[in-house]
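J.: I am sharing query_15.cif, which consists of mmCIF, C-alpha atoms and all ligand atoms:
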data_protein
loop_
_atom_site.label_atom_id
_atom_site.label_comp_id
_atom_site.auth_asym_id
_atom_site.auth_seq_id
_atom_site.Cartn_x
_atom_site.Cartn_y
_atom_site.Cartn_z
CA MET H 262 106.47 92.68 54.04
CA LYS H 263 106.02 95.46 56.61
CA LYS H 264 102.59 94.08 57.55
CA HIS H 265 104.06 90.62 57.97
CA TYR H 266 106.79 92.06 60.22
CA ILE H 267 104.26 93.86 62.47
CA ILE H 268 102.12 90.72 62.83
CA THR H 269 105.19 88.67 63.78
CA CYS H 270 106.16 91.29 66.40
CA LEU H 271 102.67 91.41 67.88
CA PHE H 272 102.55 87.62 68.01
CA SER H 273 105.92 87.44 69.82
CA VAL H 274 104.90 90.11 72.33
CA SER H 275 101.65 88.24 73.12
CA ILE H 276 103.52 84.97 73.57
CA LEU H 277 105.96 86.72 75.92
CA LEU H 278 103.11 88.28 77.92
CA LEU H 279 101.25 84.99 78.16
CA SER H 280 104.32 83.05 79.24
CA SER H 281 105.24 85.67 81.83
CA ILE H 282 101.99 84.80 83.60
CA ASN H 283 103.45 81.33 84.15
CA ILE H 284 107.04 82.40 84.68
CA TYR H 285 106.21 84.65 87.63
CA PRO H 286 104.17 82.66 90.11
CA GLN H 287 101.87 84.47 92.51
CA LYS H 288 100.77 83.45 95.95
CA PHE H 289 97.57 81.44 96.08
CA LYS H 290 94.75 83.97 96.20
CA ASN H 291 91.73 84.14 98.49
CA LEU H 292 92.73 81.27 100.81
CA ALA H 293 92.62 83.57 103.84
CA LEU H 294 89.95 86.18 103.22
CA THR H 295 89.45 86.22 106.99
CA PRO H 296 92.24 85.48 109.51
CA PRO H 297 93.07 81.74 109.52
CA MET H 298 91.75 79.70 112.48
CA GLY H 299 93.14 76.43 113.74
CA TRP H 300 95.42 74.70 116.25
CA ASN H 301 99.20 74.30 116.40
CA SER H 302 101.21 71.88 118.54
CA TRP H 303 104.07 74.19 119.61
CA ASN H 304 102.80 76.30 122.53
CA ALA H 305 101.57 73.38 124.63
CA PHE H 306 103.75 70.49 123.43
CA ALA H 307 106.94 71.83 121.78
CA CYS H 308 108.77 68.68 120.56
CA ASP H 309 106.65 66.28 122.61
CA ILE H 310 104.42 65.41 119.65
CA ASN H 311 103.19 62.20 118.07
CA GLU H 312 100.54 60.73 115.83
CA ASP H 313 98.11 59.92 118.64
CA LEU H 314 98.20 63.52 119.94
CA ILE H 315 97.52 64.97 116.51
CA LYS H 316 94.67 62.57 115.71
CA LYS H 317 93.02 63.01 119.11
CA THR H 318 93.34 66.77 118.75
CA ALA H 319 91.54 66.54 115.40
CA ASP H 320 88.81 64.42 117.06
CA GLU H 321 88.44 66.98 119.83
CA MET H 322 88.40 69.90 117.43
CA VAL H 323 85.19 68.42 116.08
CA ALA H 324 83.72 67.13 119.38
CA SER H 325 84.35 70.36 121.31
CA GLY H 326 82.52 72.51 118.78
CA MET H 327 85.72 74.32 117.77
CA LYS H 328 85.32 73.19 114.17
CA ASP H 329 81.76 74.53 114.10
CA ALA H 330 83.03 77.79 115.59
CA GLY H 331 85.42 78.18 112.63
CA TYR H 332 88.70 76.42 113.55
CA VAL H 333 89.95 74.55 110.48
CA TYR H 334 93.71 73.95 110.44
CA ILE H 335 95.57 71.36 112.52
CA VAL H 336 99.24 72.31 112.25
CA ILE H 337 102.14 70.10 113.34
CA ASP H 338 104.98 72.42 114.38
CA ASP H 339 108.71 71.66 114.64
CA CYS H 340 110.17 68.19 115.43
CA TRP H 341 108.09 66.00 113.10
CA GLN H 342 111.13 65.28 110.89
CA LEU H 343 113.99 62.85 111.30
CA ASP H 344 117.22 64.70 111.96
CA HIS H 345 118.56 64.03 108.45
CA ARG H 346 117.21 63.82 104.88
CA ASP H 347 117.29 60.62 102.79
CA SER H 348 120.05 59.94 100.25
CA LEU H 349 118.11 61.83 97.55
CA GLY H 350 117.56 64.84 99.77
CA PHE H 351 113.91 64.16 100.58
CA ILE H 352 112.63 65.12 104.00
CA ILE H 353 111.61 62.12 106.13
CA PRO H 354 109.13 62.07 108.99
CA ASP H 355 110.20 60.64 112.33
CA LEU H 356 108.48 57.26 112.12
CA GLU H 357 108.81 56.67 115.84
CA ARG H 358 106.60 59.64 116.53
CA PHE H 359 104.48 59.26 113.39
CA PRO H 360 104.50 55.52 112.54
CA SER H 361 101.83 55.80 109.83
CA GLY H 362 103.65 58.64 108.07
CA ILE H 363 102.47 62.18 107.49
CA LYS H 364 100.16 61.47 104.55
CA SER H 365 98.05 59.14 106.63
CA ILE H 366 97.66 61.84 109.33
CA ALA H 367 96.72 64.39 106.69
CA ASP H 368 94.14 61.93 105.32
CA TYR H 369 92.74 61.43 108.82
CA ILE H 370 92.48 65.19 109.39
CA HIS H 371 90.84 65.68 105.99
CA SER H 372 88.35 62.89 106.77
CA LYS H 373 87.15 65.04 109.69
CA GLY H 374 86.48 67.98 107.38
CA LEU H 375 89.58 69.78 108.70
CA LYS H 376 92.75 70.96 106.97
CA PHE H 377 96.33 69.99 107.59
CA GLY H 378 99.38 72.16 108.22
CA ILE H 379 103.07 71.54 108.75
CA HIS H 380 106.15 73.49 109.83
CA SER H 381 109.49 74.08 108.13
CA CYS H 382 112.22 76.65 108.17
CA ALA H 383 113.88 78.94 105.62
CA GLY H 384 117.27 78.05 107.14
CA SER H 385 119.24 74.85 106.77
CA ARG H 386 118.07 73.63 110.21
CA SER H 387 114.87 74.40 112.09
CA CYS H 388 114.88 76.14 115.48
CA ALA H 389 114.76 72.74 117.19
CA ASP H 390 117.64 71.58 114.94
CA TYR H 391 115.81 69.40 112.40
CA PRO H 392 116.38 69.74 108.64
CA GLY H 393 115.10 73.06 107.24
CA SER H 394 114.14 73.71 103.61
CA ARG H 395 117.09 75.85 102.50
CA GLY H 396 118.22 74.48 99.13
CA HIS H 397 115.36 71.95 99.14
CA GLU H 398 112.42 74.31 98.70
CA TYR H 399 110.99 72.81 95.49
CA GLN H 400 111.62 69.26 96.68
CA ASP H 401 109.85 69.93 99.99
CA ALA H 402 106.95 71.71 98.30
CA ILE H 403 106.37 68.67 96.08
CA THR H 404 106.57 66.37 99.11
CA TYR H 405 104.04 68.50 101.01
CA ALA H 406 101.69 68.53 98.02
CA SER H 407 101.90 64.73 97.79
CA TRP H 408 101.03 64.47 101.49
CA GLY H 409 98.06 66.84 101.24
CA VAL H 410 99.46 69.82 103.16
CA ASP H 411 97.12 72.84 103.19
CA TYR H 412 99.08 75.25 105.42
CA LEU H 413 102.82 75.85 105.81
CA LYS H 414 104.34 77.71 108.75
CA TYR H 415 107.81 78.72 107.57
CA ASP H 416 110.27 79.68 110.30
CA TRP H 417 113.43 81.83 110.33
CA CYS H 418 116.14 80.04 112.35
CA ASN H 419 119.64 79.43 110.98
CA THR H 420 119.20 81.88 108.11
CA GLU H 421 122.42 83.86 108.49
CA GLY H 422 123.14 85.77 105.28
CA LEU H 423 119.73 85.08 103.73
CA ASN H 424 117.55 87.87 102.41
CA ALA H 425 114.17 87.40 104.08
CA GLU H 426 111.93 88.55 101.26
CA GLY H 427 113.95 86.46 98.80
CA ALA H 428 113.90 83.33 100.95
CA TYR H 429 110.15 83.51 101.55
CA THR H 430 109.52 84.29 97.88
CA THR H 431 111.50 81.19 96.86
CA MET H 432 109.29 79.01 99.04
CA ARG H 433 106.16 80.77 97.80
CA ASP H 434 107.17 80.01 94.21
CA ALA H 435 107.97 76.43 95.11
CA LEU H 436 104.55 75.95 96.69
CA TYR H 437 102.92 77.58 93.74
CA SER H 438 104.67 75.35 91.24
CA ALA H 439 103.87 72.21 93.27
CA GLY H 440 100.30 73.20 92.54
CA ARG H 441 98.42 72.37 95.77
CA PRO H 442 96.86 75.50 97.33
CA VAL H 443 98.65 76.24 100.61
CA VAL H 444 98.12 79.00 103.16
CA PHE H 445 101.63 80.38 103.63
CA SER H 446 102.44 81.60 107.13
CA LEU H 447 105.66 83.65 107.33
CA CYS H 448 107.19 83.08 110.75
CA GLU H 449 109.96 85.66 110.46
CA TRP H 450 109.31 87.32 113.86
CA GLY H 451 109.13 90.83 112.37
CA ASN H 452 112.94 91.09 112.03
CA ASN H 453 112.86 92.32 108.42
CA LYS H 454 109.53 94.19 108.48
CA PRO H 455 107.55 91.44 106.72
CA TRP H 456 104.46 93.69 106.85
CA GLU H 457 106.11 95.78 104.11
CA TRP H 458 106.52 92.90 101.64
CA GLY H 459 104.54 89.97 103.07
CA ALA H 460 101.22 90.61 101.34
CA LYS H 461 102.49 89.48 97.96
CA VAL H 462 104.37 86.53 99.41
CA GLY H 463 102.16 84.94 102.05
CA HIS H 464 98.81 85.10 103.82
CA LEU H 465 100.06 86.03 107.30
CA TRP H 466 103.32 87.14 108.86
CA ARG H 467 104.52 87.09 112.44
CA THR H 468 105.02 90.59 113.81
CA THR H 469 107.02 89.64 116.92
CA GLY H 470 109.20 87.02 118.57
CA ASP H 471 107.57 84.07 120.32
CA ILE H 472 104.66 84.48 122.69
CA ILE H 473 104.88 83.07 126.23
CA ASN H 474 102.09 82.19 128.62
CA CYS H 475 102.24 85.25 130.82
CA PHE H 476 100.18 88.41 130.61
CA ASP H 477 102.70 91.15 131.21
CA CYS H 478 106.29 89.98 130.99
CA VAL H 479 109.21 89.67 128.63
CA VAL H 480 111.55 86.73 129.17
CA ASP H 481 115.13 87.22 128.02
CA HIS H 482 116.76 83.97 126.81
CA GLY H 483 120.06 85.68 125.93
CA THR H 484 120.04 85.55 122.12
CA TRP H 485 116.23 85.94 121.90
CA LYS H 486 113.24 87.01 123.96
CA SER H 487 109.73 85.71 124.40
CA TRP H 488 106.83 88.05 124.93
CA GLY H 489 103.72 88.10 127.09
CA VAL H 490 100.29 89.24 125.93
CA LEU H 491 100.60 92.98 126.74
CA PRO H 492 104.08 93.49 125.27
CA ILE H 493 102.88 91.81 122.07
CA ILE H 494 99.81 94.06 121.89
CA ASP H 495 102.10 97.08 122.32
CA LYS H 496 104.10 96.05 119.25
CA GLN H 497 101.07 96.11 116.92
CA ASP H 498 100.39 99.83 117.06
CA GLU H 499 101.72 101.01 113.71
CA LEU H 500 100.93 97.88 111.74
CA ARG H 501 97.21 97.94 111.08
CA LYS H 502 97.47 99.57 107.69
CA TYR H 503 99.34 96.55 106.35
CA ALA H 504 96.62 94.00 107.18
CA GLY H 505 93.51 93.03 105.25
CA PRO H 506 91.78 90.12 103.54
CA ASP H 507 94.35 87.49 102.46
CA HIS H 508 97.28 89.26 104.23
CA TRP H 509 97.26 89.46 108.03
CA ASN H 510 99.51 90.64 110.82
CA ASP H 511 100.16 87.64 113.08
CA PRO H 512 100.92 88.48 116.74
CA ASP H 513 101.58 84.73 117.29
CA MET H 514 99.49 81.77 118.37
CA LEU H 515 97.14 81.76 121.33
CA GLU H 516 98.17 80.94 124.89
CA VAL H 517 94.52 80.61 125.99
CA GLY H 518 94.27 77.59 128.30
CA ASN H 519 98.02 77.48 128.98
CA GLY H 520 98.06 78.87 132.53
CA LEU H 521 96.81 82.45 132.34
CA THR H 522 93.88 83.36 134.61
CA LEU H 523 90.44 83.12 133.03
CA GLY H 524 90.20 86.93 132.84
CA GLU H 525 93.61 87.06 131.15
CA ASP H 526 92.55 84.37 128.68
CA ARG H 527 89.46 86.42 127.90
CA ALA H 528 91.49 89.60 127.48
CA HIS H 529 94.11 87.85 125.29
CA PHE H 530 91.44 86.28 123.07
CA SER H 531 89.40 89.50 122.81
CA MET H 532 92.42 91.57 121.86
CA TRP H 533 93.58 89.07 119.23
CA CYS H 534 90.07 89.39 117.74
CA MET H 535 90.25 93.20 117.87
CA LEU H 536 93.58 92.92 116.01
CA ALA H 537 92.06 90.68 113.30
CA ALA H 538 94.76 88.19 114.25
CA PRO H 539 94.92 84.59 113.09
CA LEU H 540 93.30 82.48 115.83
CA ILE H 541 95.58 79.48 116.20
CA ALA H 542 94.82 77.74 119.49
CA GLY H 543 97.94 76.51 121.27
CA ASN H 544 96.57 74.56 124.24
CA ASP H 545 95.84 70.88 124.92
CA ILE H 546 92.29 70.88 123.62
CA ARG H 547 91.87 67.20 124.59
CA ASN H 548 91.91 68.18 128.24
CA MET H 549 90.56 71.72 128.39
CA SER H 550 88.01 72.89 130.95
CA GLU H 551 84.56 74.04 129.90
CA GLU H 552 85.56 77.61 130.76
CA ILE H 553 88.51 77.54 128.36
CA GLU H 554 86.39 75.91 125.69
CA SER H 555 83.80 78.66 126.07
CA VAL H 556 86.49 81.33 125.61
CA LEU H 557 87.84 79.69 122.45
CA THR H 558 84.38 79.12 120.98
CA ASN H 559 82.68 82.42 121.86
CA ARG H 560 81.05 83.09 118.50
CA ASP H 561 80.26 86.73 119.13
CA VAL H 562 83.91 87.45 119.85
CA ILE H 563 85.10 85.29 116.95
CA ALA H 564 82.73 87.21 114.65
CA VAL H 565 84.70 90.37 115.48
CA ASP H 566 87.90 88.66 114.33
CA GLN H 567 86.33 87.09 111.26
CA ASP H 568 84.43 90.18 110.17
CA SER H 569 84.49 90.35 106.37
CA LEU H 570 85.64 93.99 106.27
CA GLY H 571 88.99 92.69 107.49
CA VAL H 572 90.03 95.92 109.20
CA GLN H 573 92.39 95.62 112.15
CA GLY H 574 91.23 97.52 115.25
CA PHE H 575 92.92 100.60 116.71
CA LYS H 576 93.64 102.07 120.12
CA PHE H 577 91.30 105.00 120.74
CA ILE H 578 92.21 106.07 124.28
CA SER H 579 94.87 105.01 126.73
CA ASN H 580 95.65 106.23 130.21
CA GLY H 581 98.29 103.60 130.88
CA GLU H 582 95.96 101.37 132.89
CA ILE H 583 92.85 101.38 130.73
CA GLU H 584 92.86 101.20 126.95
CA VAL H 585 89.80 101.57 124.74
CA TRP H 586 89.99 99.93 121.33
CA PHE H 587 87.59 100.13 118.38
CA LYS H 588 87.27 97.95 115.28
CA PRO H 589 84.96 98.81 112.36
CA LEU H 590 82.67 95.94 111.37
CA VAL H 591 80.22 95.27 108.53
CA ASN H 592 76.79 96.92 108.39
CA GLY H 593 77.96 100.01 110.23
CA ASP H 594 78.71 98.07 113.44
CA TRP H 595 81.71 98.62 115.69
CA ALA H 596 83.47 96.36 118.19
CA MET H 597 84.73 98.09 121.34
CA CYS H 598 87.13 96.52 123.79
CA VAL H 599 88.10 98.12 127.09
CA LEU H 600 91.28 96.49 128.36
CA ASN H 601 92.34 96.76 132.00
CA ARG H 602 96.14 96.38 131.96
CA SER H 603 96.53 97.18 135.64
CA SER H 604 96.77 94.82 138.60
CA SER H 605 93.60 96.16 140.25
CA THR H 606 89.93 96.51 139.33
CA GLN H 607 89.29 99.77 137.48
CA LYS H 608 86.13 101.83 137.29
CA PHE H 609 85.38 102.81 133.71
CA SER H 610 82.84 105.29 132.47
CA PHE H 611 82.29 106.49 128.92
CA ASP H 612 80.07 109.37 127.92
CA TRP H 613 79.17 108.59 124.32
CA SER H 614 77.79 112.09 123.71
CA ARG H 615 81.30 113.50 124.17
CA GLU H 616 83.12 111.02 121.93
CA TYR H 617 83.65 111.14 118.19
CA ILE H 618 85.28 108.19 116.45
CA SER H 619 87.03 108.72 113.17
CA ASP H 620 89.16 106.13 111.40
CA ASP H 621 91.12 107.31 108.35
CA LEU H 622 92.04 103.77 107.31
CA SER H 623 88.48 102.47 106.95
CA LYS H 624 87.02 105.95 106.31
CA ARG H 625 84.48 105.33 109.06
CA LYS H 626 83.28 108.10 111.37
CA THR H 627 80.74 108.03 114.15
CA ASP H 628 79.15 110.84 116.07
CA PHE H 629 77.11 109.31 118.89
CA ASN H 630 74.92 112.43 119.02
CA GLU H 631 73.73 111.61 115.52
CA ILE H 632 73.50 107.83 115.53
CA THR H 633 72.37 105.68 118.44
CA TYR H 634 73.78 102.18 118.79
CA ASN H 635 72.46 99.14 120.64
CA LEU H 636 75.13 97.59 122.82
CA LYS H 637 75.73 93.87 123.33
CA ASN H 638 78.16 92.62 125.95
CA LEU H 639 80.06 89.91 124.07
CA TRP H 640 81.21 88.00 127.14
CA THR H 641 77.89 87.85 128.98
CA GLY H 642 75.87 87.70 125.75
CA LYS H 643 73.52 90.28 127.28
CA ASP H 644 71.98 93.46 125.97
CA ALA H 645 73.92 96.37 127.52
CA GLY H 646 71.60 99.29 126.69
CA THR H 647 72.34 101.94 124.09
CA THR H 648 74.79 104.75 123.47
CA GLN H 649 72.21 107.18 124.82
CA GLN H 650 73.08 106.26 128.39
CA LEU H 651 76.40 106.83 130.11
CA LEU H 652 78.42 103.60 130.15
CA ASN H 653 79.51 102.71 133.68
CA SER H 654 81.45 99.59 134.41
CA GLU H 655 84.01 97.97 136.70
CA ILE H 656 86.64 95.93 134.92
CA PRO H 657 88.63 93.39 136.92
CA SER H 658 92.42 93.39 136.67
CA HIS H 659 93.78 91.92 133.40
CA ASP H 660 90.32 91.54 131.94
CA VAL H 661 88.14 93.28 129.37
CA LEU H 662 84.73 94.70 128.71
CA MET H 663 83.88 93.87 125.11
CA LEU H 664 80.86 95.29 123.31
CA ARG H 665 79.35 95.18 119.87
CA LEU H 666 77.71 98.42 118.76
CA SER H 667 74.94 98.09 116.16
CA PRO H 668 73.04 101.11 114.81
CA VAL H 669 69.48 101.27 116.14
CA GLN H 670 67.11 100.61 113.26
CA THR H 671 64.40 103.26 113.32
CA ASP H 672 61.03 102.55 111.64
CA GLU H 673 62.10 104.76 108.74
CA MET H 674 65.25 102.70 108.21
CA LYS H 675 63.47 99.34 108.27
C1 LIG G 701 110.26 79.44 116.43
C2 LIG G 701 108.83 79.87 116.14
C3 LIG G 701 107.90 79.14 117.09
C4 LIG G 701 108.04 77.64 116.89
C5 LIG G 701 109.49 77.24 117.11
C6 LIG G 701 109.74 75.79 116.75
O1 LIG G 701 110.68 79.84 117.67
O2 LIG G 701 108.70 81.25 116.28
O3 LIG G 701 106.55 79.53 116.87
O4 LIG G 701 107.63 77.29 115.59
O5 LIG G 701 110.36 78.03 116.31
O6 LIG G 701 111.07 75.43 116.91
#
Since I need it in another form, could you write the structure as structure tokens?
Ligand code: GLA

T.:
Amino acid sequence: MKKHYIITCLFSVSILLLSSINIYPQKFKNLALTPPMGWNSWNAFACDINEDLIKKTADEMVASGMKDAGYVYIVIDDCWQLDHRDSLGFIIPDLERFPSGIKSIADYIHSKGLKFGIHSCAGSRSCADYPGSRGHEYQDAITYASWGVDYLKYDWCNTEGLNAEGAYTTMRDALYSAGRPVVFSLCEWGNNKPWEWGAKVGHLWRTTGDIINCFDCVVDHGTWKSWGVLPIIDKQDELRKYAGPDHWNDPDMLEVGNGLTLGEDRAHFSMWCMLAAPLIAGNDIRNMSEEIESVLTNRDVIAVDQDSLGVQGFKFISNGEIEVWFKPLVNGDWAMCVLNRSSSTQKFSFDWSREYISDDLSKRKTDFNEITYNLKNLWTGKDAGTTQQLLNSEIPSHDVLMLRLSPVQTDEMK
């Protein structure tokens, strides 16, 4: 009798354990082992979006070489919906802007070997006042799955009284139960410290309010602010320990090609790569110049962002005008980025023999008197000597010097 009782108990406990695996959904794993790369409609087009734009952007993503450089997601941001749901509560696309419907666009994007993303909001209305997902999370997740959505950017407007972690977890669970793997991008602007809870909920989380296409300004809109490149960089300082494969800090989408100078575009792109940030282009890629294209597709710089160690870079030195950043990379390499924040050209010299780099987070240390590194300039593509010579450079205003350091292979090491 006793034996029978113990077996029954063990059986019940195992059933409970097994079912709990299904009861408590997780986020989809390993969909973003490196920071996601793609394009989003908002920065260049806001609500001025339509089917033709999205399809031509997908065409150009392939033709320009961006796809080959690693860009995968085409994300339609706010304003794709009609301003009300149907009588059963389903979300409906605006058929004037998207006459073939969203599924057909997703199919088109998939046919190009790309992936498709869409935007919604944790509140009842989106920031541009279209229906949000509040109260419709499971219904929307099923709709997205039926359309072939691979990426969801989930915004934070009109969420008064909502608990952020709870609201994002509800949508995560809805996506999970709809069953189609989706990269989940938490667009919560950093208001409720998403870096502290975001890793178990989504794959990336915004760390700041919206970016704007200026290098060093903050624009106050009254109830909210938008941020230029430097102020956004300054807000990332304490956050690197929260990022890693499958869970990234997101300092917002790129403004490359949206009116900054070429040097500023280079600096912005380089620093996003040093920060292991998602690289979501935000310009009109159908009409970009060759110079902009070459910034967005610089493979050496992208390799710094996409490095499989997944360690966000850190500020090593700052004198207010010049900042020196380092990022540990695979195979003992380092990326180094010297950022000129000032409005004039700055002379920069660096005596490797007097510098010692130590990073507690990645447990990497480098004494340049013990190891010599070859240097490659990632924007000219040229060999830049080794760490045995003094580094002397002039860096134009709002621009960078970006190097990759690779240990010199001695004959013994080969
Ligand atoms: C918020 C987001 C932006 C964009 C707009 C759309 O402001 O932070 O990135 O998605 O909403 O309305």

J.: Can you pull out every residue with an atom within 10 Å of ligand LIG 701 (chain G)? Use only C-alpha atoms and all ligand atoms and format it as JSON, numbers by chain.

T.: {"H": [301, 302, 303, 304, 307, 308, 337, 338, 339, 340, 380, 381, 382, 386, 387, 388, 389, 390, 391, 414, 415, 416, 417, 418, 447, 448, 449, 450, 467, 469, 470, 471, 472, 485, 486, 487, 513, 514]}

J.: Quote the spacing between CA of Asn559 (chain H) and CA of Ala460 (chain H) in Å to one decimal place.

T.: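 Straight-line distance from CA of Asn559 (chain H) to CA of Ala460 (chain H) works out to 28.8 Å.
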
J.: So which residues touch Glu398 (chain H) within 12 Å, counting only C-alpha atoms, skipping near sequence neighbours fewer than 5 positions away, as JSON, numbers by chain?

T.: {"H": [350, 351, 352, 381, 382, 383, 384, 385, 392, 393, 403, 404, 405, 415, 428, 429, 430, 431, 432, 433, 434, 435, 436, 437, 438, 439]}

J.: Identify which of the residues H:Met327, H:Val572, H:Leu523, H:Ile379 lies closest to Leu590 (chain H), counting only C-alpha atoms when measuring atom-to-atom distances.

T.: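 Of H:Met327, H:Val572, H:Leu523, H:Ile379, the one nearest Leu590 (chain H), counting only C-alpha atoms, is H:Val572.
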
J.: The residues within 8 Å of (101.3, 81.3, 130.3), using all atoms listed in the file and the coordinates of the file, should be reported as a PyMOL selection string; which are they?

T.: chain H and resi 473-476+489+516+519-521

J.: Taking the structure in the block just given, could you write region 327-334 of chain H with all heavy atoms, as a PDB file, in the first residue's frame?

T.:
ATOM      1  N   MET H 327      23.476  44.966 -49.057  1.00  0.00           N
ATOM      2  CA  MET H 327      23.215  44.992 -47.601  1.00  0.00           C
ATOM      3  C   MET H 327      22.868  43.603 -47.084  1.00  0.00           C
ATOM      4  O   MET H 327      23.307  43.205 -46.006  1.00  0.00           O
ATOM      5  CB  MET H 327      22.087  45.983 -47.269  1.00  0.00           C
ATOM      6  CG  MET H 327      22.537  47.435 -47.321  1.00  0.00           C
ATOM      7  SD  MET H 327      21.193  48.589 -46.966  1.00  0.00           S
ATOM      8  CE  MET H 327      20.980  48.386 -45.209  1.00  0.00           C
ATOM      9  N   LYS H 328      22.093  42.866 -47.872  1.00  0.00           N
ATOM     10  CA  LYS H 328      21.740  41.505 -47.417  1.00  0.00           C
ATOM     11  C   LYS H 328      23.017  40.676 -47.250  1.00  0.00           C
ATOM     12  O   LYS H 328      23.205  40.015 -46.225  1.00  0.00           O
ATOM     13  CB  LYS H 328      20.799  40.844 -48.421  1.00  0.00           C
ATOM     14  CG  LYS H 328      20.460  39.427 -48.046  1.00  0.00           C
ATOM     15  CD  LYS H 328      19.530  38.761 -49.046  1.00  0.00           C
ATOM     16  CE  LYS H 328      19.340  37.312 -48.661  1.00  0.00           C
ATOM     17  NZ  LYS H 328      19.491  36.391 -49.788  1.00  0.00           N
ATOM     18  N   ASP H 329      23.902  40.758 -48.229  1.00  0.00           N
ATOM     19  CA  ASP H 329      25.143  39.972 -48.135  1.00  0.00           C
ATOM     20  C   ASP H 329      26.001  40.432 -46.960  1.00  0.00           C
ATOM     21  O   ASP H 329      26.791  39.667 -46.412  1.00  0.00           O
ATOM     22  CB  ASP H 329      25.962  40.102 -49.427  1.00  0.00           C
ATOM     23  CG  ASP H 329      25.326  39.299 -50.549  1.00  0.00           C
ATOM     24  OD1 ASP H 329      24.488  38.437 -50.239  1.00  0.00           O
ATOM     25  OD2 ASP H 329      25.648  39.571 -51.719  1.00  0.00           O
ATOM     26  N   ALA H 330      25.857  41.713 -46.589  1.00  0.00           N
ATOM     27  CA  ALA H 330      26.652  42.220 -45.458  1.00  0.00           C
ATOM     28  C   ALA H 330      26.028  41.829 -44.115  1.00  0.00           C
ATOM     29  O   ALA H 330      26.606  42.107 -43.068  1.00  0.00           O
ATOM     30  CB  ALA H 330      26.784  43.735 -45.556  1.00  0.00           C
ATOM     31  N   GLY H 331      24.818  41.239 -44.141  1.00  0.00           N
ATOM     32  CA  GLY H 331      24.238  40.725 -42.891  1.00  0.00           C
ATOM     33  C   GLY H 331      22.866  41.274 -42.519  1.00  0.00           C
ATOM     34  O   GLY H 331      22.272  40.830 -41.539  1.00  0.00           O
ATOM     35  N   TYR H 332      22.363  42.270 -43.273  1.00  0.00           N
ATOM     36  CA  TYR H 332      21.040  42.834 -42.938  1.00  0.00           C
ATOM     37  C   TYR H 332      19.953  41.838 -43.358  1.00  0.00           C
ATOM     38  O   TYR H 332      19.946  41.379 -44.498  1.00  0.00           O
ATOM     39  CB  TYR H 332      20.832  44.170 -43.648  1.00  0.00           C
ATOM     40  CG  TYR H 332      21.787  45.256 -43.185  1.00  0.00           C
ATOM     41  CD1 TYR H 332      23.075  45.355 -43.727  1.00  0.00           C
ATOM     42  CD2 TYR H 332      21.416  46.153 -42.193  1.00  0.00           C
ATOM     43  CE1 TYR H 332      23.966  46.331 -43.295  1.00  0.00           C
ATOM     44  CE2 TYR H 332      22.299  47.133 -41.758  1.00  0.00           C
ATOM     45  CZ  TYR H 332      23.575  47.212 -42.315  1.00  0.00           C
ATOM     46  OH  TYR H 332      24.443  48.185 -41.883  1.00  0.00           O
ATOM     47  N   VAL H 333      19.035  41.553 -42.430  1.00  0.00           N
ATOM     48  CA  VAL H 333      18.059  40.486 -42.682  1.00  0.00           C
ATOM     49  C   VAL H 333      16.613  40.968 -42.569  1.00  0.00           C
ATOM     50  O   VAL H 333      15.767  40.616 -43.385  1.00  0.00           O
ATOM     51  CB  VAL H 333      18.249  39.345 -41.644  1.00  0.00           C
ATOM     52  CG1 VAL H 333      17.194  38.273 -41.834  1.00  0.00           C
ATOM     53  CG2 VAL H 333      19.624  38.742 -41.752  1.00  0.00           C
ATOM     54  N   TYR H 334      16.321  41.780 -41.534  1.00  0.00           N
ATOM     55  CA  TYR H 334      14.924  42.090 -41.233  1.00  0.00           C
ATOM     56  C   TYR H 334      14.469  43.358 -41.951  1.00  0.00           C
ATOM     57  O   TYR H 334      15.179  44.364 -41.949  1.00  0.00           O
ATOM     58  CB  TYR H 334      14.730  42.281 -39.720  1.00  0.00           C
ATOM     59  CG  TYR H 334      15.003  41.013 -38.955  1.00  0.00           C
ATOM     60  CD1 TYR H 334      16.244  40.793 -38.359  1.00  0.00           C
ATOM     61  CD2 TYR H 334      14.037  40.018 -38.875  1.00  0.00           C
ATOM     62  CE1 TYR H 334      16.503  39.601 -37.687  1.00  0.00           C
ATOM     63  CE2 TYR H 334      14.294  38.825 -38.204  1.00  0.00           C
ATOM     64  CZ  TYR H 334      15.534  38.623 -37.613  1.00  0.00           C
ATOM     65  OH  TYR H 334      15.791  37.450 -36.960  1.00  0.00           O
TER      66      TYR H 334
END
